[in-house]
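Everything on this sheet refers to the single structure shown next.
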There are 2 protein chains.
Amino acid sequence: MTRVLVVDDEPQIVRALVINLKARKYEVDAAADGRSALDLAASRHPDVVVLDLGLPDMDGVEVIRGLRGWTRVPILVLSARHSSDEKVQALDAGADDYVTKPFGMDELLARLRAAVRRAEPVGGGEDDVLVETEEFTVDLAAKKVNRAGRDVRLTPTEWHLLEVLVRNTGRLVSQKQLLQEVWGPSYGTETNYLRVYMAQLRRKLEADPSHPKHFVTEPGMGYRFEK
Amino acid sequence: MTRVLVVDDEPQIVRALVINLKARKYEVDAAADGRSALDLAASRHPDVVVLDLGLPDMDGVEVIRGLRGWTRVPILVLSARHSSDEKVQALDAGADDYVTKPFGMDELLARLRAAVRRAEPVGGGEDDVLVETEEFTVDLAAKKVNRAGRDVRLTPTEWHLLEVLVRNTGRLVSQKQLLQEVWGPSYGTETNYLRVYMAQLRRKLEADPSHPKHFVTEPGMGYRFEK
DNA sequence: CGGCGCCCTGACAGATCCGTGACGCACTGA
DNA sequence: TCAGTGCGTCACGGATCTGTCAGGGCGCCG
């Protein structure tokens, strides 16, 4: 299911959007200011963000920059300001689209679909979805891990960590990058989180957790997933 | 350079666009109807298409479908029709953005930049940068060194040193430069660090560490990496 | 309200890495 | 021949990093 983050300080707008989106089977989170928008984006990892520029606590463009610092999630800007300058500023800061209020719901939804569509991974490359090792199989699309015929239960955080590593199979992923992708952009030094969750992943997936074959530690640098 | 395909049957619009785009260092092709637009797209492989929906020979939405049959190139639709229905149709057919005439040139260019930007490859050119010698292979993106089929373990400092040398393959890198890049700007005279770590690199990578072929010392000056 | 799962946190032993000093060797110029 | 200089090598103590465990807080659901 596609997850949408709606950011607007006008309750009636939020309500209208939420109702329309949920009716179309989107999963919706909502925030009324920039700070909570950035927090929610970090914790919930939406597939697309609908962002009103006129927020009470910070400039909308700053919110865009805050998001673009760590994610390429599509950002659809909603604004009452028609000036060409505002549009250019928002788009150049990293927004994907700019819709002026009042807006037609049909058009907004179509633009939302377009934004989500083009963010989808290239083609029908189903090879990328299934990653297999001798001991277990990771299905990135179904969000499932299978080991010795049975599904392995992973907590959300465990899965998130696994996903980042698997999407970079063979490549070294730095501790900072892992922390920021899983826990959010304001993290970067809490390496004990990584130690704990890497241990849990290894316990659940490695044949010999104390001598990991697939989840390799590169001391001082990060971790690496190997097939 | 970014290549733009402009499709419109009104010569003055085409002219205005071409002038503005060329002034901003875009490479521009132009077509006045759907048929030649599709041909040009196939032969020239533009990085983005600006498409007027009102073409003499075929429906604009058909042009979008014709493009989407084989390419994901960003399509920015230009149209005089304001109806919500038209927009939804074009966007759902595969357009990335929809701008109504008359349009502001600044806004159009900003939307164009946004479309091009998000079409860029994910990691900013994460193509694995491979440097090969007869004895070992360095993968700068994955932070991996392979020798005789086995991965070589390098410590962070060793890797950092290797990275600087490899990025300057064939060039002499002064001791001061190496020290500053690896240990920080306040270093510059601690040449013993270099001696120690160069020795470790040679021990791990050279066939005959006491007669290095790839990590060459230039007495009194610095070191050089040769393939 | 009680149990459960999940997340965060702190502590600690062991492993790993880094900086440092000492020494021998090769080369150079007097 | 003999100092002087720069380089390669080695060994070692302290600092840092990692794996592991246990415990507490929080939200969710019966």
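Just remember, in the structure tokens the first chain shown is A, the second B, etc., residues are 1-based per chain, and ligands are 1-based in the order shown.
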
Practice prompt. Return as a list in words the residues belonging to chain B that are within 10 Å of chain D, counting only C-alpha atoms (C1' of nucleotides).
Written response: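 Residues passing the distance filter: Thr191, Asn192, Arg195, Val196, Met198, Ala199, Ser210, Thr217, Pro219 and Gly220 of chain B.
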
Per-residue nearest contacts of chain B to chain A (10 Å; only C-alpha atoms) as a Markdown table:
```
| residue | atom | partner | partner_atom | distance |
| --- | --- | --- | --- | --- |
| B:Thr71 | CA | A:Gly123 | CA | 9.9 |
| B:Arg72 | CA | A:Arg118 | CA | 8.0 |
| B:Val73 | CA | A:Arg118 | CA | 9.9 |
| B:Pro74 | CA | A:Arg118 | CA | 8.8 |
| B:Ser83 | CA | A:Glu107 | CA | 9.4 |
| B:Ser84 | CA | A:Glu107 | CA | 5.9 |
| B:Asp85 | CA | A:Glu107 | CA | 7.8 |
| B:Glu86 | CA | A:Glu107 | CA | 9.2 |
| B:Lys87 | CA | A:Glu107 | CA | 6.5 |
| B:Val88 | CA | A:Ala110 | CA | 5.3 |
| B:Gln89 | CA | A:Ala110 | CA | 8.3 |
| B:Ala90 | CA | A:Ala110 | CA | 9.0 |
| B:Leu91 | CA | A:Ala114 | CA | 6.1 |
| B:Asp92 | CA | A:Ala110 | CA | 6.5 |
| B:Ala93 | CA | A:Ala114 | CA | 9.1 |
| B:Gly94 | CA | A:Ala114 | CA | 7.0 |
| B:Ala95 | CA | A:Ala114 | CA | 7.2 |
| B:Asp96 | CA | A:Ala114 | CA | 6.0 |
| B:Asp97 | CA | A:Arg111 | CA | 7.4 |
| B:Tyr98 | CA | A:Arg111 | CA | 8.7 |
| B:Phe103 | CA | A:Ser84 | CA | 9.8 |
| B:Gly104 | CA | A:Ser84 | CA | 7.1 |
| B:Met105 | CA | A:Ser84 | CA | 9.1 |
| B:Asp106 | CA | A:Ser84 | CA | 6.9 |
| B:Glu107 | CA | A:Val88 | CA | 5.7 |
| B:Leu108 | CA | A:Val88 | CA | 8.7 |
| B:Leu109 | CA | A:Val88 | CA | 8.3 |
| B:Ala110 | CA | A:Val88 | CA | 5.3 |
| B:Arg111 | CA | A:Leu91 | CA | 6.6 |
| B:Leu112 | CA | A:Leu91 | CA | 9.4 |
| B:Arg113 | CA | A:Asp92 | CA | 7.4 |
| B:Ala114 | CA | A:Asp96 | CA | 6.0 |
| B:Ala115 | CA | A:Asp96 | CA | 7.3 |
| B:Arg117 | CA | A:Gly94 | CA | 8.6 |
| B:Arg118 | CA | A:Asp96 | CA | 7.9 |
| B:Ala119 | CA | A:Arg118 | CA | 8.6 |
| B:Val122 | CA | A:Arg72 | CA | 8.8 |
| B:Asp128 | CA | A:Arg171 | CA | 9.5 |
| B:Asp139 | CA | A:Arg171 | CA | 9.2 |
| B:Leu140 | CA | A:Arg171 | CA | 9.6 |
| B:Ala141 | CA | A:Arg171 | CA | 7.1 |
| B:Ala142 | CA | A:Arg171 | CA | 4.0 |
| B:Lys143 | CA | A:Leu172 | CA | 6.0 |
| B:Lys144 | CA | A:Arg171 | CA | 7.7 |
| B:Arg153 | CA | A:Glu218 | CA | 8.1 |
| B:Leu154 | CA | A:Glu218 | CA | 8.4 |
| B:Thr155 | CA | A:Pro219 | CA | 7.1 |
| B:Pro156 | CA | A:Gly220 | CA | 6.2 |
| B:Thr157 | CA | A:Gly220 | CA | 9.4 |
| B:Trp159 | CA | A:Met221 | CA | 9.8 |
```

Discussion item. For the full set of C-alpha atoms taken in order, report to one decimal the RMSD after fitting chain B onto chain A.
Written reply: 18.0 Å

Once you count only C-alpha atoms (C1' of nucleotides), what closest atom pair and distance in Å to one decimal does each residue of chain C within 12 Å of chain B have, with rows by chain and rising residue number, as a tab-separated table?
```
residue	atom	partner	partner_atom	distance
C:DT16	C1'	B:Thr155	CA	9.3
C:DC17	C1'	B:Thr155	CA	7.4
C:DC18	C1'	B:Thr157	CA	8.8
C:DG19	C1'	B:Tyr193	CA	8.0
C:DT20	C1'	B:Asn192	CA	9.2
C:DG21	C1'	B:Asn192	CA	10.4
C:DA26	C1'	B:Pro219	CA	11.6
C:DC27	C1'	B:Pro219	CA	10.3
```

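You will find atom CA of B:Ala80 at 15.8 Å from atom CA of B:Leu17.
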
Worksheet item: Out of stretch 7-202 of chain A, which residues get strand (DSSP E or B) from DSSP, as a count of residues only?
Response: 39

Worksheet item: Quick one: DSSP alpha helix (DSSP H) residues in chain B, as a ChimeraX atom specification?
Response: /B:11-23,34-44,60-68,84-93,105-119,156-167,175-183,191-205

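Distance-wise, atom CA of A:Val138 and atom CA of A:Leu165 end up 11.2 Å apart.
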